[in-house]
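Student: Below is the file input13.tsv, with TSV, C-alpha atoms.
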```
chain	number	residue	atom	x	y	z
W	1	MET	CA	24.39	-44.67	62.91
W	2	ARG	CA	24.93	-48.39	63.43
W	3	THR	CA	21.17	-49.02	63.11
W	4	LEU	CA	21.06	-47.04	59.86
W	5	ILE	CA	23.93	-49.11	58.45
W	6	LEU	CA	22.13	-52.37	59.32
W	7	ILE	CA	18.91	-51.13	57.68
W	8	ALA	CA	20.79	-50.09	54.54
W	9	ALA	CA	22.57	-53.45	54.36
W	10	THR	CA	19.24	-55.30	54.74
W	11	LEU	CA	17.62	-53.26	51.98
W	12	LEU	CA	20.60	-53.88	49.69
W	13	LEU	CA	20.46	-57.63	50.33
W	14	SER	CA	16.73	-57.67	49.63
W	15	ALA	CA	17.29	-55.82	46.37
W	16	VAL	CA	19.78	-58.50	45.30
W	17	LEU	CA	17.65	-61.48	46.34
W	18	LEU	CA	14.19	-60.43	45.22
W	19	PRO	CA	14.82	-60.52	41.44
W	20	ALA	CA	16.16	-64.06	41.75
W	21	GLN	CA	13.13	-65.08	43.78
W	22	ARG	CA	10.76	-63.63	41.21
W	23	ASP	CA	12.52	-65.56	38.43
W	24	THR	CA	11.84	-68.99	39.93
W	25	ALA	CA	8.82	-70.85	41.22
W	26	LEU	CA	8.08	-74.00	43.18
W	27	LEU	CA	7.77	-77.07	40.99
W	28	ASN	CA	4.39	-78.64	41.67
W	29	ALA	CA	1.25	-79.58	39.75
W	30	ASP	CA	0.62	-75.91	38.89
W	31	PHE	CA	4.05	-75.19	37.41
W	32	VAL	CA	3.95	-74.44	33.66
W	33	PHE	CA	6.97	-75.60	31.65
W	34	ALA	CA	8.06	-73.94	28.43
W	35	ASP	CA	6.63	-75.83	25.45
W	36	GLY	CA	9.19	-77.44	23.18
W	37	VAL	CA	11.74	-80.21	22.69
W	38	TYR	CA	14.25	-81.01	25.46
W	39	LEU	CA	17.40	-82.97	24.74
W	40	SER	CA	18.54	-83.43	28.33
W	41	LEU	CA	17.41	-83.48	31.94
W	42	GLU	CA	19.44	-80.32	32.56
W	43	GLN	CA	17.44	-78.43	29.94
W	44	LEU	CA	14.24	-79.56	31.67
W	45	ARG	CA	15.57	-78.39	35.05
W	46	GLN	CA	16.38	-75.03	33.49
W	47	ASN	CA	12.97	-74.90	31.80
W	48	ASP	CA	14.86	-74.10	28.61
W	49	PRO	CA	14.03	-76.30	25.59
W	50	ALA	CA	16.54	-76.91	22.83
W	51	TYR	CA	13.78	-76.08	20.34
W	52	SER	CA	10.44	-74.39	20.71
W	53	TRP	CA	7.62	-75.87	18.66
W	54	SER	CA	7.78	-72.88	16.30
W	55	GLU	CA	11.35	-73.91	15.41
W	56	VAL	CA	10.52	-77.45	14.32
W	57	GLU	CA	8.21	-79.50	12.15
W	58	ALA	CA	6.79	-82.53	13.90
W	59	ARG	CA	4.30	-85.32	13.49
W	60	LEU	CA	2.92	-86.40	16.83
W	61	ALA	CA	-0.24	-87.31	18.70
W	62	ALA	CA	-0.80	-86.55	22.37
W	63	ASN	CA	-3.53	-87.31	24.87
W	64	ARG	CA	-3.32	-85.28	28.06
W	65	ASP	CA	-6.01	-87.37	29.74
W	66	SER	CA	-3.90	-90.53	29.40
W	67	TYR	CA	-0.59	-88.68	29.90
W	68	SER	CA	0.78	-90.10	26.66
W	69	ALA	CA	2.32	-88.85	23.42
W	70	GLN	CA	3.69	-90.60	20.35
W	71	VAL	CA	6.10	-89.00	17.90
W	72	GLU	CA	6.96	-90.07	14.35
W	73	TYR	CA	9.53	-87.37	13.76
W	74	ILE	CA	10.81	-83.98	14.87
W	75	ARG	CA	12.64	-81.91	12.27
W	76	PRO	CA	14.27	-78.57	13.14
W	77	ARG	CA	13.70	-76.21	10.24
W	78	ALA	CA	16.30	-76.49	7.46
W	79	MET	CA	17.83	-79.50	9.24
W	80	GLU	CA	17.60	-83.28	9.22
W	81	PRO	CA	15.11	-84.93	11.60
W	82	LEU	CA	16.39	-85.37	15.14
W	83	PRO	CA	17.40	-88.92	16.08
W	84	MET	CA	14.62	-89.75	18.52
W	85	GLU	CA	17.04	-91.37	20.96
W	86	GLN	CA	18.48	-87.88	21.50
W	87	VAL	CA	15.17	-86.46	22.70
W	88	PHE	CA	14.81	-86.60	26.48
W	89	ALA	CA	11.41	-84.98	26.87
W	90	LEU	CA	8.66	-82.96	25.22
W	91	VAL	CA	6.54	-80.27	26.79
W	92	LEU	CA	3.02	-79.79	25.43
W	93	ASP	CA	0.72	-77.18	26.96
W	94	GLY	CA	3.08	-76.85	29.92
W	95	LEU	CA	3.18	-80.58	30.78
W	96	PRO	CA	6.46	-82.56	30.43
W	97	TYR	CA	6.41	-85.97	28.73
W	98	ILE	CA	9.47	-88.18	29.32
W	99	GLN	CA	10.57	-90.57	26.57
W	100	VAL	CA	10.04	-94.24	27.44
W	101	THR	CA	12.33	-96.77	25.77
W	102	ASP	CA	10.85	-99.97	27.21
W	103	PRO	CA	10.97	-102.58	24.38
W	104	ALA	CA	7.75	-104.10	25.75
W	105	LEU	CA	5.84	-101.16	24.25
W	106	GLN	CA	6.51	-102.46	20.72
W	107	ARG	CA	5.51	-99.19	19.04
W	108	ALA	CA	6.72	-97.87	15.71
W	109	ALA	CA	6.65	-94.27	16.97
W	110	ALA	CA	8.64	-92.94	19.92
W	111	TYR	CA	6.57	-93.02	23.11
W	112	PHE	CA	6.49	-90.33	25.81
W	113	ALA	CA	4.78	-90.50	29.21
W	114	GLY	CA	3.54	-87.40	31.03
W	115	LEU	CA	4.70	-86.61	34.56
W	116	ARG	CA	1.74	-87.39	36.83
W	117	ILE	CA	3.57	-86.19	39.95
W	118	ARG	CA	5.85	-83.19	39.50
W	119	GLY	CA	8.40	-82.23	42.15
W	120	ARG	CA	11.89	-83.24	43.20
W	121	LEU	CA	10.69	-86.82	42.77
W	122	CYS	CA	8.43	-87.32	39.74
W	123	LEU	CA	6.21	-90.19	38.68
W	124	TYR	CA	5.15	-91.25	35.20
W	125	ALA	CA	3.32	-94.32	33.92
W	126	TYR	CA	2.59	-96.22	30.74
W	127	GLU	CA	0.75	-99.34	29.62
W	128	PHE	CA	1.43	-102.15	27.20
W	129	LYS	CA	-0.32	-105.36	26.21
W	130	GLU	CA	1.26	-108.66	27.15
W	131	GLN	CA	0.45	-112.19	26.03
W	132	ARG	CA	0.08	-114.49	29.00
W	133	GLU	CA	-0.73	-118.18	29.23
W	134	VAL	CA	-3.71	-118.93	31.45
W	135	GLU	CA	-4.95	-122.36	32.49
W	136	MET	CA	-8.63	-122.87	31.70
W	137	ALA	CA	-10.96	-125.69	32.73
W	138	ALA	CA	-14.28	-127.00	31.41
W	139	TYR	CA	-16.70	-128.18	34.10
W	140	ASN	CA	-19.39	-130.85	34.10
W	141	PRO	CA	-22.63	-128.97	34.88
W	142	LEU	CA	-24.03	-131.98	36.75
W	143	THR	CA	-21.11	-132.68	39.05
W	144	GLY	CA	-19.37	-129.31	39.03
W	145	ARG	CA	-16.07	-131.08	38.45
W	146	PRO	CA	-13.60	-130.20	35.70
W	147	PHE	CA	-13.41	-132.75	32.91
W	148	ARG	CA	-11.01	-130.93	30.63
W	149	ARG	CA	-8.12	-128.57	31.20
W	150	GLY	CA	-6.04	-126.56	28.79
W	151	VAL	CA	-3.80	-123.54	28.45
W	152	VAL	CA	-4.93	-120.54	26.42
W	153	THR	CA	-3.11	-117.34	25.51
W	154	LYS	CA	-4.76	-114.21	26.86
W	155	GLU	CA	-3.87	-110.59	26.16
W	156	GLU	CA	-3.63	-108.46	29.29
W	157	GLU	CA	-2.99	-104.77	29.88
W	158	VAL	CA	0.08	-104.12	32.04
W	159	LEU	CA	0.53	-100.83	33.91
W	160	VAL	CA	4.10	-99.72	34.61
W	161	ARG	CA	4.86	-96.84	36.97
W	162	ARG	CA	8.31	-95.30	37.06
W	163	LEU	CA	10.06	-92.68	39.16
W	164	ILE	CA	12.66	-90.09	38.22
W	165	HIS	CA	14.59	-87.86	40.62
W	166	LEU	CA	14.74	-84.45	38.99
W	167	GLU	CA	17.96	-83.45	40.76
W	168	THR	CA	20.05	-86.55	40.09
W	169	GLY	CA	18.32	-88.03	37.05
W	170	GLU	CA	18.20	-91.38	38.82
W	171	ARG	CA	15.26	-93.59	37.87
W	172	GLY	CA	13.55	-96.50	39.53
W	173	GLY	CA	10.45	-98.63	39.58
W	174	PHE	CA	7.42	-97.99	41.73
W	175	THR	CA	8.68	-100.20	44.56
W	176	ARG	CA	9.60	-99.80	48.21
W	177	GLU	CA	13.26	-100.50	47.37
W	178	SER	CA	13.36	-97.77	44.70
W	179	LEU	CA	11.74	-95.23	47.03
W	180	LEU	CA	14.32	-95.96	49.72
W	181	GLN	CA	17.12	-95.37	47.22
W	182	LEU	CA	15.63	-92.25	45.63
W	183	MET	CA	14.86	-90.70	49.04
W	184	ALA	CA	18.41	-91.12	50.31
W	185	ASP	CA	18.60	-87.37	51.02
W	186	ASP	CA	15.68	-87.57	53.49
W	187	PRO	CA	16.34	-90.19	56.22
W	188	LYS	CA	13.03	-89.45	57.94
W	189	MET	CA	11.08	-90.31	54.79
W	190	GLN	CA	13.20	-93.41	54.34
W	191	ARG	CA	12.16	-94.62	57.79
W	192	THR	CA	8.54	-93.89	56.95
W	193	VAL	CA	8.76	-95.94	53.74
W	194	GLU	CA	10.50	-98.80	55.57
W	195	GLU	CA	7.65	-98.94	58.08
W	196	LEU	CA	4.82	-98.98	55.54
W	197	GLU	CA	2.44	-101.90	55.88
W	198	ASP	CA	2.15	-104.27	52.95
W	199	SER	CA	-1.61	-103.77	52.90
W	200	GLY	CA	-2.41	-100.94	50.49
W	201	LEU	CA	1.32	-100.45	49.87
W	202	GLU	CA	1.03	-98.77	46.46
W	203	GLU	CA	-1.40	-96.11	47.69
W	204	ARG	CA	0.81	-95.45	50.72
W	205	MET	CA	3.91	-95.13	48.52
W	206	TYR	CA	2.08	-92.66	46.28
W	207	LYS	CA	1.31	-90.49	49.32
W	208	CYS	CA	4.93	-90.76	50.50
W	209	ILE	CA	6.13	-89.30	47.20
W	210	LEU	CA	3.82	-86.31	47.67
W	211	ILE	CA	5.05	-85.82	51.23
W	212	TYR	CA	8.68	-86.14	50.15
W	213	ASP	CA	8.18	-83.48	47.48
W	214	ASP	CA	6.56	-81.16	50.01
W	215	ARG	CA	9.47	-81.66	52.41
W	216	ASN	CA	12.10	-81.23	49.69
W	217	PRO	CA	10.93	-78.41	47.40
W	218	ILE	CA	12.67	-77.62	44.15
W	219	TYR	CA	12.46	-74.27	42.33
W	220	LEU	CA	12.75	-73.94	38.56
W	221	PRO	CA	13.13	-70.87	36.31
W	222	LEU	CA	9.88	-69.29	35.20
W	223	LEU	CA	8.77	-68.59	31.66
W	224	GLU	CA	9.46	-65.01	30.62
W	225	SER	CA	5.71	-64.40	30.42
W	226	ASP	CA	5.27	-65.57	34.02
W	227	LYS	CA	7.95	-63.36	35.56
W	228	LYS	CA	6.61	-60.42	37.54
W	229	ASP	CA	8.05	-56.93	37.56
```
As structure tokens, how would this structure be written, given the file I've shared?

Tutor:
Amino acid sequence: MRTLILIAATLLLSAVLLPAQRDTALLNADFVFADGVYLSLEQLRQNDPAYSWSEVEARLAANRDSYSAQVEYIRPRAMEPLPMEQVFALVLDGLPYIQVTDPALQRAAAYFAGLRIRGRLCLYAYEFKEQREVEMAAYNPLTGRPFRRGVVTKEEEVLVRRLIHLETGERGGFTRESLLQLMADDPKMQRTVEELEDSGLEERMYKCILIYDDRNPIYLPLLESDKKD
């Protein structure tokens, strides 16, 4: 009798847990987010946009290859356009794009950067052009010595990589110090990051983010169409 009671209790517990398990999935590169407009990090964590694209009119351009999107306006039907500062993220074809407010971008339209790494700790990147002064020299072809020097302004492309912790919302740059702070819940990974060699540091940090996400999985609600009976 006691064995039968234990079996019945196990089956009952399984019946309670299984639906919840079917309704969520591991967040990784294969996870498909619900397309639409997200006004907060919490909505993104719940995979529940404030507006689906069928509920708004929008003028935007997106390039999945460059993980970038620019938006002129988003207008819910029969309403005024949304203030763009209220928009946290967009999801296009299942990929989240986080709004970037860096003034260095100097763009008329709102700019969004796609998540290149998706997990508990996410990475996104964007580029902007910067004017920099560079010293130039003219050389005597006979002696090989400079005979004139001057400073010219040169336009250079700057790549910025940023991190966002999907649980806390905390953000940071792509630096050793930021990784140590954002990985505070995993002391072993912190020690690994502390011990990284300076040579090839960026590539090693990139791999550490992937390892951290594997060690600290996060599960998000599935789309209704992805839920299994």

Student: Here is a test: counting all atoms listed in the file, which residue of W:Tyr124, W:Tyr212, W:Phe33, W:Tyr111 is nearest to Ala61 of chain W?

Tutor: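 The shortest atom-to-atom distance to Ala61 of chain W comes from W:Tyr111.
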
Student: Just give me the residues with any atom within 8 Å of (13.7, -89.8, 24.5), file coordinates, counting only C-alpha atoms, written as an NGL selection string.

Tutor: :W and (39 or 84-89 or 98-101 or 110-112)

Student: May I have the residues within 12 Å of segment 125-130 of chain W as a ChimeraX atom specification, using all atoms listed in the file and disregarding those fewer than 3 positions away in the same chain?

Tutor: /W:66-70,97-107,111-117,122,133,153-164,172-174

Student: For the residues in that selection, give me C-alpha atoms as a compact mmCIF listing (two decimals), in the coordinates of the input.

Tutor:
```
# COMPACT_ATOMS: atom_id res chain seq x y z
CA SER W 66 -3.90 -90.53 29.40
CA TYR W 67 -0.59 -88.68 29.90
CA SER W 68 0.78 -90.10 26.66
CA ALA W 69 2.32 -88.85 23.42
CA GLN W 70 3.69 -90.60 20.35
CA TYR W 97 6.41 -85.97 28.73
CA ILE W 98 9.47 -88.18 29.32
CA GLN W 99 10.57 -90.57 26.57
CA VAL W 100 10.04 -94.24 27.44
CA THR W 101 12.33 -96.77 25.77
CA ASP W 102 10.85 -99.97 27.21
CA PRO W 103 10.97 -102.58 24.38
CA ALA W 104 7.75 -104.10 25.75
CA LEU W 105 5.84 -101.16 24.25
CA GLN W 106 6.51 -102.46 20.72
CA ARG W 107 5.51 -99.19 19.04
CA TYR W 111 6.57 -93.02 23.11
CA PHE W 112 6.49 -90.33 25.81
CA ALA W 113 4.78 -90.50 29.21
CA GLY W 114 3.54 -87.40 31.03
CA LEU W 115 4.70 -86.61 34.56
CA ARG W 116 1.74 -87.39 36.83
CA ILE W 117 3.57 -86.19 39.95
CA CYS W 122 8.43 -87.32 39.74
CA GLU W 133 -0.73 -118.18 29.23
CA THR W 153 -3.11 -117.34 25.51
CA LYS W 154 -4.76 -114.21 26.86
CA GLU W 155 -3.87 -110.59 26.16
CA GLU W 156 -3.63 -108.46 29.29
CA GLU W 157 -2.99 -104.77 29.88
CA VAL W 158 0.08 -104.12 32.04
CA LEU W 159 0.53 -100.83 33.91
CA VAL W 160 4.10 -99.72 34.61
CA ARG W 161 4.86 -96.84 36.97
CA ARG W 162 8.31 -95.30 37.06
CA LEU W 163 10.06 -92.68 39.16
CA ILE W 164 12.66 -90.09 38.22
CA GLY W 172 13.55 -96.50 39.53
CA GLY W 173 10.45 -98.63 39.58
CA PHE W 174 7.42 -97.99 41.73
```

Student: Mind listing whatever residues come within 12 Å of the point (-1.7, -78.0, 38.3)? Use all atoms listed in the file, file coordinates, and give them as a list of chain:residue names.

Tutor: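 Using all atoms listed in the file, the matching residues come out as W:Leu26, W:Leu27, W:Asn28, W:Ala29, W:Asp30, W:Phe31, W:Val32, W:Phe33, W:Asp93, W:Gly94, W:Leu95, W:Leu115, W:Arg116, W:Ile117, W:Arg118, W:Gly119.
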
Student: Just to confirm, what's the straight-line distance from atom CA of Leu180 of chain W to atom CA of Leu121 of chain W in Å (one decimal)?

Tutor: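 Atom-to-atom, atom CA of Leu180 of chain W to atom CA of Leu121 of chain W, that is 12.0 Å.
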
Student: What is the distance, in Å and to one decimal place, between atom CA of Pro49 of chain W and atom CA of Leu82 of chain W?

Tutor: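 If I compute the distance from atom CA of Pro49 of chain W to atom CA of Leu82 of chain W, I get 14.0 Å.
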